[in-house]
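Shown here: data06.cif, mmCIF, C-alpha atoms.
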data_work
#
loop_
_atom_site.label_atom_id
_atom_site.label_comp_id
_atom_site.auth_asym_id
_atom_site.auth_seq_id
_atom_site.Cartn_x
_atom_site.Cartn_y
_atom_site.Cartn_z
CA MET A 1 -91.91 -24.62 -58.65
CA LYS A 2 -91.43 -27.75 -56.51
CA GLY A 3 -88.22 -29.59 -56.92
CA SER A 4 -86.51 -26.63 -58.71
CA ILE A 5 -82.89 -26.10 -57.81
CA ARG A 6 -82.04 -22.58 -56.75
CA PRO A 7 -78.52 -21.33 -57.44
CA LYS A 8 -76.47 -21.20 -54.28
CA LYS A 9 -75.80 -17.63 -53.19
CA ARG A 10 -72.11 -16.93 -52.84
CA SER A 11 -70.85 -15.27 -49.71
CA LYS A 12 -69.13 -11.94 -49.84
CA LEU A 13 -65.85 -13.54 -48.80
CA ALA A 14 -66.05 -15.99 -51.71
CA TYR A 15 -66.79 -13.13 -54.08
CA VAL A 16 -63.77 -11.17 -52.80
CA VAL A 17 -61.50 -14.21 -53.09
CA ASN A 18 -62.72 -14.83 -56.63
CA GLU A 19 -62.09 -11.20 -57.60
CA LEU A 20 -58.60 -11.35 -56.12
CA LYS A 21 -57.80 -14.45 -58.14
CA ARG A 22 -59.26 -13.00 -61.32
CA ASN A 23 -57.34 -9.70 -61.01
CA LYS A 24 -54.24 -11.01 -59.28
CA HIS A 25 -51.89 -9.46 -61.84
CA TYR A 26 -53.24 -5.96 -61.18
CA TYR A 27 -52.96 -6.39 -57.42
CA LEU A 28 -49.45 -7.76 -57.82
CA LEU A 29 -48.41 -4.62 -59.71
CA MET A 30 -50.07 -2.40 -57.10
CA SER A 31 -48.61 -4.28 -54.14
CA PRO A 32 -45.31 -2.31 -53.78
CA TYR A 33 -47.18 0.99 -53.54
CA MET A 34 -49.89 -0.43 -51.28
CA ILE A 35 -47.32 -1.96 -48.90
CA ILE A 36 -45.46 1.36 -48.62
CA PHE A 37 -48.75 3.26 -48.28
CA PHE A 38 -49.97 1.05 -45.44
CA LEU A 39 -46.60 1.04 -43.67
CA PHE A 40 -45.97 4.78 -43.78
CA THR A 41 -49.49 6.28 -43.96
CA VAL A 42 -52.32 4.04 -42.77
CA ILE A 43 -50.54 2.39 -39.84
CA PRO A 44 -49.08 5.67 -38.45
CA VAL A 45 -52.51 7.35 -38.68
CA VAL A 46 -54.19 4.49 -36.82
CA PHE A 47 -51.36 4.38 -34.27
CA SER A 48 -51.61 8.16 -33.74
CA LEU A 49 -55.38 7.90 -33.24
CA CYS A 50 -54.91 5.21 -30.59
CA LEU A 51 -52.03 7.08 -28.94
CA SER A 52 -54.20 10.18 -28.52
CA PHE A 53 -55.96 8.40 -25.65
CA PHE A 54 -52.69 7.84 -23.78
CA TYR A 55 -50.12 9.90 -21.91
CA PHE A 56 -46.75 9.20 -23.53
CA ASN A 57 -43.56 11.24 -23.04
CA MET A 58 -41.13 8.97 -24.97
CA LEU A 59 -39.51 7.84 -21.70
CA GLU A 60 -42.26 6.11 -19.76
CA PHE A 61 -44.59 3.36 -20.93
CA PRO A 62 -47.84 4.85 -22.38
CA ARG A 63 -50.53 5.36 -19.73
CA PHE A 64 -54.22 5.32 -20.73
CA VAL A 65 -55.96 8.62 -19.90
CA GLY A 66 -59.13 8.35 -22.01
CA TRP A 67 -60.51 11.66 -23.25
CA GLN A 68 -58.22 13.72 -21.02
CA ASN A 69 -56.00 14.90 -23.89
CA TYR A 70 -59.03 16.14 -25.84
CA SER A 71 -60.63 17.86 -22.85
CA ARG A 72 -57.31 19.58 -22.12
CA LEU A 73 -57.03 20.56 -25.77
CA PHE A 74 -60.43 22.28 -26.05
CA LEU A 75 -60.98 23.46 -22.47
CA ASN A 76 -57.58 24.35 -21.04
CA ASP A 77 -55.27 25.10 -23.98
CA ASP A 78 -55.76 28.76 -24.91
CA VAL A 79 -52.87 28.66 -27.38
CA PHE A 80 -54.55 25.83 -29.28
CA MET A 81 -57.72 27.90 -29.64
CA ILE A 82 -55.63 30.74 -31.10
CA ALA A 83 -53.97 28.25 -33.45
CA LEU A 84 -57.36 26.81 -34.44
CA LYS A 85 -58.71 30.28 -35.20
CA ASN A 86 -55.66 31.15 -37.32
CA THR A 87 -55.87 27.84 -39.16
CA PHE A 88 -59.55 28.36 -39.96
CA MET A 89 -58.73 31.83 -41.25
CA PHE A 90 -56.08 30.33 -43.50
CA ALA A 91 -58.49 27.67 -44.74
CA VAL A 92 -61.42 30.04 -45.31
CA ILE A 93 -59.42 32.85 -46.93
CA THR A 94 -56.40 31.38 -48.70
CA GLY A 95 -58.06 28.07 -49.68
CA PRO A 96 -60.97 29.34 -51.83
CA ILE A 97 -59.07 32.39 -53.14
CA SER A 98 -56.07 30.36 -54.29
CA TYR A 99 -58.35 27.63 -55.72
CA ILE A 100 -60.40 30.08 -57.78
CA ALA A 101 -57.28 32.02 -58.80
CA CYS A 102 -55.56 28.80 -59.94
CA PHE A 103 -58.50 27.91 -62.15
CA LEU A 104 -59.00 31.39 -63.60
CA PHE A 105 -55.31 31.76 -64.45
CA ALA A 106 -55.29 28.27 -65.98
CA TRP A 107 -58.44 29.04 -67.99
CA ILE A 108 -56.99 32.30 -69.34
CA ILE A 109 -53.53 30.89 -70.08
CA ASN A 110 -55.03 27.87 -71.83
CA GLU A 111 -56.35 30.23 -74.53
CA LEU A 112 -52.84 31.42 -75.43
CA SER A 113 -50.61 30.00 -78.16
CA PRO A 114 -48.66 26.83 -77.18
CA LYS A 115 -45.28 28.57 -76.76
CA VAL A 116 -46.68 31.44 -74.69
CA ARG A 117 -48.78 28.98 -72.69
CA ALA A 118 -45.71 26.88 -71.85
CA PHE A 119 -43.78 29.98 -70.73
CA MET A 120 -46.63 31.30 -68.57
CA THR A 121 -47.16 27.85 -67.03
CA LEU A 122 -43.50 27.81 -66.01
CA ILE A 123 -43.81 31.30 -64.49
CA PHE A 124 -46.83 30.34 -62.38
CA TYR A 125 -45.48 26.95 -61.35
CA ALA A 126 -41.94 28.14 -60.54
CA PRO A 127 -42.60 29.20 -56.89
CA ALA A 128 -43.93 25.73 -56.07
CA ILE A 129 -40.71 24.00 -57.21
CA SER A 130 -38.19 26.56 -55.96
CA GLY A 131 -37.79 25.20 -52.43
CA ASN A 132 -37.35 27.94 -49.83
CA VAL A 133 -37.78 30.74 -52.34
CA PHE A 134 -40.31 32.34 -49.96
CA PHE A 135 -37.32 33.62 -47.95
CA ILE A 136 -37.20 36.48 -50.45
CA TRP A 137 -40.23 37.86 -48.61
CA LEU A 138 -38.00 38.40 -45.57
CA ILE A 139 -36.22 41.07 -47.62
CA VAL A 140 -39.49 42.58 -48.82
CA PHE A 141 -40.91 42.82 -45.28
CA SER A 142 -37.66 43.55 -43.47
CA GLY A 143 -38.19 45.80 -40.45
CA ASP A 144 -35.40 48.27 -41.32
CA SER A 145 -35.21 50.99 -43.96
CA TYR A 146 -33.45 48.60 -46.34
CA GLY A 147 -36.53 46.41 -46.64
CA TYR A 148 -38.14 46.82 -50.05
CA LEU A 149 -41.60 47.69 -48.73
CA ASN A 150 -40.35 50.08 -46.02
CA GLY A 151 -37.95 51.71 -48.47
CA PHE A 152 -40.70 52.24 -51.04
CA LEU A 153 -43.22 53.62 -48.53
CA MET A 154 -40.62 55.97 -47.01
CA LYS A 155 -39.55 57.17 -50.45
CA ILE A 156 -43.09 58.19 -51.42
CA GLY A 157 -43.63 59.75 -47.98
CA PHE A 158 -46.33 57.35 -46.84
CA ILE A 159 -44.44 56.52 -43.62
CA LEU A 160 -41.68 58.37 -41.76
CA GLU A 161 -39.96 55.45 -40.04
CA PRO A 162 -39.70 51.72 -40.77
CA ILE A 163 -42.49 49.39 -39.70
CA GLN A 164 -41.65 46.09 -38.01
CA TRP A 165 -43.87 44.07 -40.31
CA LEU A 166 -42.90 40.65 -38.96
CA LEU A 167 -42.86 41.68 -35.29
CA ASP A 168 -46.19 43.51 -35.17
CA GLU A 169 -49.09 41.14 -34.56
CA LYS A 170 -51.39 43.41 -36.60
CA TYR A 171 -49.54 42.52 -39.81
CA ILE A 172 -48.02 39.06 -39.24
CA LEU A 173 -51.01 36.88 -40.14
CA THR A 174 -51.86 38.95 -43.23
CA ILE A 175 -48.27 38.73 -44.49
CA VAL A 176 -48.14 34.97 -44.01
CA MET A 177 -51.45 34.65 -45.90
CA ILE A 178 -50.07 36.70 -48.80
CA VAL A 179 -46.98 34.51 -49.06
CA GLN A 180 -49.13 31.35 -48.79
CA LEU A 181 -51.34 32.59 -51.64
CA TRP A 182 -48.24 33.28 -53.75
CA LEU A 183 -46.88 29.78 -53.15
CA SER A 184 -50.22 28.02 -53.65
CA LEU A 185 -50.42 28.89 -57.38
CA GLY A 186 -48.54 25.72 -58.24
CA THR A 187 -49.71 22.11 -58.30
CA SER A 188 -53.43 22.85 -58.60
CA PHE A 189 -52.73 25.32 -61.40
CA LEU A 190 -50.77 22.64 -63.27
CA ALA A 191 -53.58 20.10 -62.78
CA PHE A 192 -56.15 22.58 -64.14
CA ILE A 193 -54.00 23.30 -67.19
CA ALA A 194 -53.76 19.56 -67.85
CA GLY A 195 -57.52 19.16 -67.40
CA LEU A 196 -58.31 21.97 -69.82
CA GLN A 197 -56.05 20.36 -72.42
CA THR A 198 -58.00 17.09 -72.28
CA ILE A 199 -61.49 18.53 -72.87
CA ASP A 200 -63.11 17.09 -75.98
CA LYS A 201 -63.65 19.94 -78.47
CA THR A 202 -66.64 18.18 -79.97
CA LEU A 203 -68.49 18.75 -76.69
CA VAL A 204 -68.14 22.50 -77.20
CA GLU A 205 -69.51 22.21 -80.74
CA ALA A 206 -72.41 20.06 -79.55
CA GLY A 207 -73.10 22.54 -76.77
CA ALA A 208 -73.31 25.39 -79.26
CA VAL A 209 -75.91 23.41 -81.21
CA ASP A 210 -77.87 22.68 -78.01
CA GLY A 211 -78.15 26.36 -77.10
CA ILE A 212 -75.05 27.42 -75.18
CA LYS A 213 -74.69 31.11 -76.00
CA ASN A 214 -71.59 32.42 -74.19
CA ARG A 215 -68.31 31.37 -72.58
CA TRP A 216 -69.75 31.38 -69.04
CA GLN A 217 -72.41 28.83 -69.99
CA GLU A 218 -69.74 26.81 -71.75
CA LEU A 219 -67.63 26.96 -68.59
CA TRP A 220 -70.45 25.82 -66.29
CA PHE A 221 -72.08 23.13 -68.43
CA ILE A 222 -69.10 21.71 -70.37
CA THR A 223 -65.68 22.74 -69.06
CA LEU A 224 -66.18 22.24 -65.32
CA PRO A 225 -68.11 18.91 -65.55
CA SER A 226 -65.38 17.57 -67.87
CA MET A 227 -62.72 18.51 -65.32
CA ARG A 228 -64.21 16.97 -62.16
CA PRO A 229 -61.16 14.74 -61.44
CA GLN A 230 -58.77 17.69 -61.76
CA LEU A 231 -61.08 19.95 -59.76
CA LEU A 232 -61.23 17.38 -56.96
CA PHE A 233 -57.46 16.92 -56.99
CA GLY A 234 -56.93 20.69 -56.87
CA ALA A 235 -59.42 21.02 -54.00
CA VAL A 236 -57.65 18.32 -51.97
CA MET A 237 -54.27 19.99 -52.57
CA GLN A 238 -55.55 23.46 -51.63
CA ILE A 239 -57.35 22.21 -48.50
CA THR A 240 -54.28 20.28 -47.37
CA GLY A 241 -52.02 23.25 -48.04
CA SER A 242 -54.23 25.75 -46.21
CA PHE A 243 -54.68 23.53 -43.15
CA ALA A 244 -51.02 22.48 -43.01
CA VAL A 245 -49.36 25.90 -42.98
CA ALA A 246 -46.28 25.76 -40.77
CA ASP A 247 -42.94 26.27 -42.55
CA ILE A 248 -43.91 29.67 -43.94
CA SER A 249 -45.18 30.86 -40.57
CA ILE A 250 -42.02 29.71 -38.79
CA ALA A 251 -39.68 31.16 -41.43
CA LEU A 252 -41.34 34.58 -41.53
CA ALA A 253 -42.74 35.12 -38.04
CA GLY A 254 -40.54 32.86 -35.90
CA PHE A 255 -41.43 29.97 -33.62
CA PRO A 256 -43.44 30.94 -31.72
CA SER A 257 -44.61 34.14 -33.39
CA VAL A 258 -45.32 37.33 -31.44
CA ASN A 259 -48.32 36.65 -29.17
CA TYR A 260 -48.94 33.55 -31.31
CA ALA A 261 -50.25 35.81 -34.07
CA ALA A 262 -49.27 33.32 -36.80
CA HIS A 263 -49.52 30.16 -34.71
CA THR A 264 -51.32 27.31 -36.50
CA VAL A 265 -52.48 23.83 -35.55
CA VAL A 266 -49.43 22.30 -37.26
CA THR A 267 -46.96 24.55 -35.41
CA HIS A 268 -48.79 23.67 -32.18
CA LEU A 269 -48.40 20.01 -33.09
CA MET A 270 -44.69 20.54 -33.75
CA ASP A 271 -44.33 22.29 -30.39
CA TYR A 272 -45.71 19.36 -28.40
CA GLY A 273 -44.43 16.59 -30.66
CA THR A 274 -40.84 17.64 -31.40
CA ILE A 275 -39.95 19.99 -28.51
CA ARG A 276 -41.94 18.92 -25.45
CA PHE A 277 -42.25 15.27 -26.55
CA GLU A 278 -45.79 14.93 -25.20
CA MET A 279 -46.64 12.42 -27.89
CA GLY A 280 -50.12 11.53 -26.61
CA TYR A 281 -51.18 15.17 -26.57
CA ALA A 282 -49.52 15.78 -29.96
CA SER A 283 -51.45 12.79 -31.35
CA ALA A 284 -54.70 14.35 -30.12
CA ILE A 285 -53.83 17.56 -31.99
CA ALA A 286 -53.00 15.53 -35.12
CA THR A 287 -56.30 13.64 -34.85
CA VAL A 288 -58.30 16.88 -34.64
CA LEU A 289 -56.46 18.25 -37.67
CA PHE A 290 -57.06 15.00 -39.57
CA GLY A 291 -60.78 15.19 -38.78
CA LEU A 292 -60.96 18.79 -39.98
CA MET A 293 -59.29 17.88 -43.27
CA ILE A 294 -61.55 14.86 -43.84
CA GLY A 295 -64.69 16.86 -43.09
CA THR A 296 -63.67 19.71 -45.37
CA ASN A 297 -62.79 17.32 -48.19
CA MET A 298 -66.18 15.58 -47.92
CA LEU A 299 -67.97 18.94 -48.02
CA THR A 300 -65.92 20.00 -51.05
CA GLN A 301 -66.75 16.77 -52.88
CA LYS A 302 -70.47 17.34 -52.35
CA MET A 303 -70.17 20.87 -53.74
CA LEU A 304 -68.19 19.71 -56.78
CA ARG A 305 -70.86 17.12 -57.63
CA LYS A 306 -73.37 19.95 -58.16
CA ILE A 307 -71.29 21.54 -60.92
CA GLY A 308 -73.18 21.61 -64.20
CA GLU A 309 -76.59 20.91 -62.64
#

Mind converting the file's structure to structure tokens?
Amino acid sequence: MKGSIRPKKRSKLAYVVNELKRNKHYYLLMSPYMIIFFLFTVIPVVFSLCLSFFYFNMLEFPRFVGWQNYSRLFLNDDVFMIALKNTFMFAVITGPISYIACFLFAWIINELSPKVRAFMTLIFYAPAISGNVFFIWLIVFSGDSYGYLNGFLMKIGFILEPIQWLLDEKYILTIVMIVQLWLSLGTSFLAFIAGLQTIDKTLVEAGAVDGIKNRWQELWFITLPSMRPQLLFGAVMQITGSFAVADISIALAGFPSVNYAAHTVVTHLMDYGTIRFEMGYASAIATVLFGLMIGTNMLTQKMLRKIGE
């Protein structure tokens, strides 16, 4: 219609400014956390990404080298390829196994009485809050006859002399995986227990009316969709834990381990970042690890969205 006045379309900047003014109290309360998060997480990540294109040894001014650090990493660094293979094995084996185990244990324990459930939750969560409790595995896998595993196997006649479990590259990676699985039944397990406690019981009753016949159907169509936030949190924690294995490997197998049998991307990063002080090269390693974690998390999120379909 001629002469009609059309409402002026607001720019995106004006919309953002208006939203900031309208919700200023919320942003004010969030500001301490956001400032700390940006200072100690976002800025270091961006700085590390930029530094990966430079040669920097902590003594000289950074020198731009382009993609040289990455080409060296993938084409000339054989130890990194071993570390990458070991890290992928950790992620593929310990990640899904510990994730599924955490949920199954939480699902079973959730059916127990409150007192028994609280006790069992403490038992499963204890290794995650006990600091360096994994050092007990040094006694179990000790290479002399006083080690628990060697002593037991010699007593039953399975072996005649002690096995150097932590010095033989055939066993090192498997042992570190076992200890990692034992330690990983912690935070994700607790999140799953909390998620199971918050499920609305009326959904189960409605599901029974709609045709759900057994516990597996109830799990797939009601329990898991109701726990998507906890499932995502547990997945992020398990992925991060499986990709970031370092302390356990160093404590059990040494640094470096025999023939780099338990060498991971994080221990490789520590080698170049804290011992050799090749910060540009270490930043390239950190960037590759960051990309792997982001990609795996995105894939996991897509898989979790299909639950209940």

- [ ] Enumerate, as a ChimeraX atom specification, the residues matched when the PyMOL selection byres ((chain A and resi 198-206) around 8) is run on the file above.
- [x] /A:194-197,207-210,218,222-223,226-227

Just the selected residues (C-alpha atoms), exported as a PDB file, keeping the file's coordinate frame, please.
ATOM      1  CA  ALA A 194     -53.760  19.560 -67.850  1.00  0.00           C
ATOM      2  CA  GLY A 195     -57.520  19.160 -67.400  1.00  0.00           C
ATOM      3  CA  LEU A 196     -58.310  21.970 -69.820  1.00  0.00           C
ATOM      4  CA  GLN A 197     -56.050  20.360 -72.420  1.00  0.00           C
ATOM      5  CA  GLY A 207     -73.100  22.540 -76.770  1.00  0.00           C
ATOM      6  CA  ALA A 208     -73.310  25.390 -79.260  1.00  0.00           C
ATOM      7  CA  VAL A 209     -75.910  23.410 -81.210  1.00  0.00           C
ATOM      8  CA  ASP A 210     -77.870  22.680 -78.010  1.00  0.00           C
ATOM      9  CA  GLU A 218     -69.740  26.810 -71.750  1.00  0.00           C
ATOM     10  CA  ILE A 222     -69.100  21.710 -70.370  1.00  0.00           C
ATOM     11  CA  THR A 223     -65.680  22.740 -69.060  1.00  0.00           C
ATOM     12  CA  SER A 226     -65.380  17.570 -67.870  1.00  0.00           C
ATOM     13  CA  MET A 227     -62.720  18.510 -65.320  1.00  0.00           C
TER      14      MET A 227
END

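Taking CA of Gln164 in chain A and CA of Ser145 in chain A as the two end points, the separation is 10.0 Å.
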
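Rounded to one decimal, CA of Leu49 in chain A and CA of Leu232 in chain A lie 26.2 Å from each other.
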
- [ ] Starting from the displayed file, determine the output of the PyMOL selection byres ((chain A and resi 83) around 8) and express the residue list as number ranges by chain.
- [x] A: 79-82, 84-87, 260, 262-265, 268

- [ ] Could you tell me which residues the PyMOL selection byres ((chain A and resi 234-244) around 10) returns for this structure, as number ranges by chain?
- [x] A: 84, 86-100, 102-103, 177, 180-181, 183-192, 228-233, 245-247, 264-267, 289-290, 292-294, 296-298, 300-301, 304

Task: Selection near Tyr272 in chain A, 10 Å with all atoms listed in the file, sequence-local residues under 4 positions removed, as a ChimeraX atom specification - done: /A:57,267-268,276-283,285

Writing out the chosen residues with C-alpha atoms as a compact mmCIF listing (two decimals), in the coordinates of the input:
# COMPACT_ATOMS: atom_id res chain seq x y z
CA ASN A 57 -43.56 11.24 -23.04
CA THR A 267 -46.96 24.55 -35.41
CA HIS A 268 -48.79 23.67 -32.18
CA ARG A 276 -41.94 18.92 -25.45
CA PHE A 277 -42.25 15.27 -26.55
CA GLU A 278 -45.79 14.93 -25.20
CA MET A 279 -46.64 12.42 -27.89
CA GLY A 280 -50.12 11.53 -26.61
CA TYR A 281 -51.18 15.17 -26.57
CA ALA A 282 -49.52 15.78 -29.96
CA SER A 283 -51.45 12.79 -31.35
CA ILE A 285 -53.83 17.56 -31.99

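Between CA of Ile108 in chain A and CA of Pro127 in chain A lies a distance of 19.3 Å.
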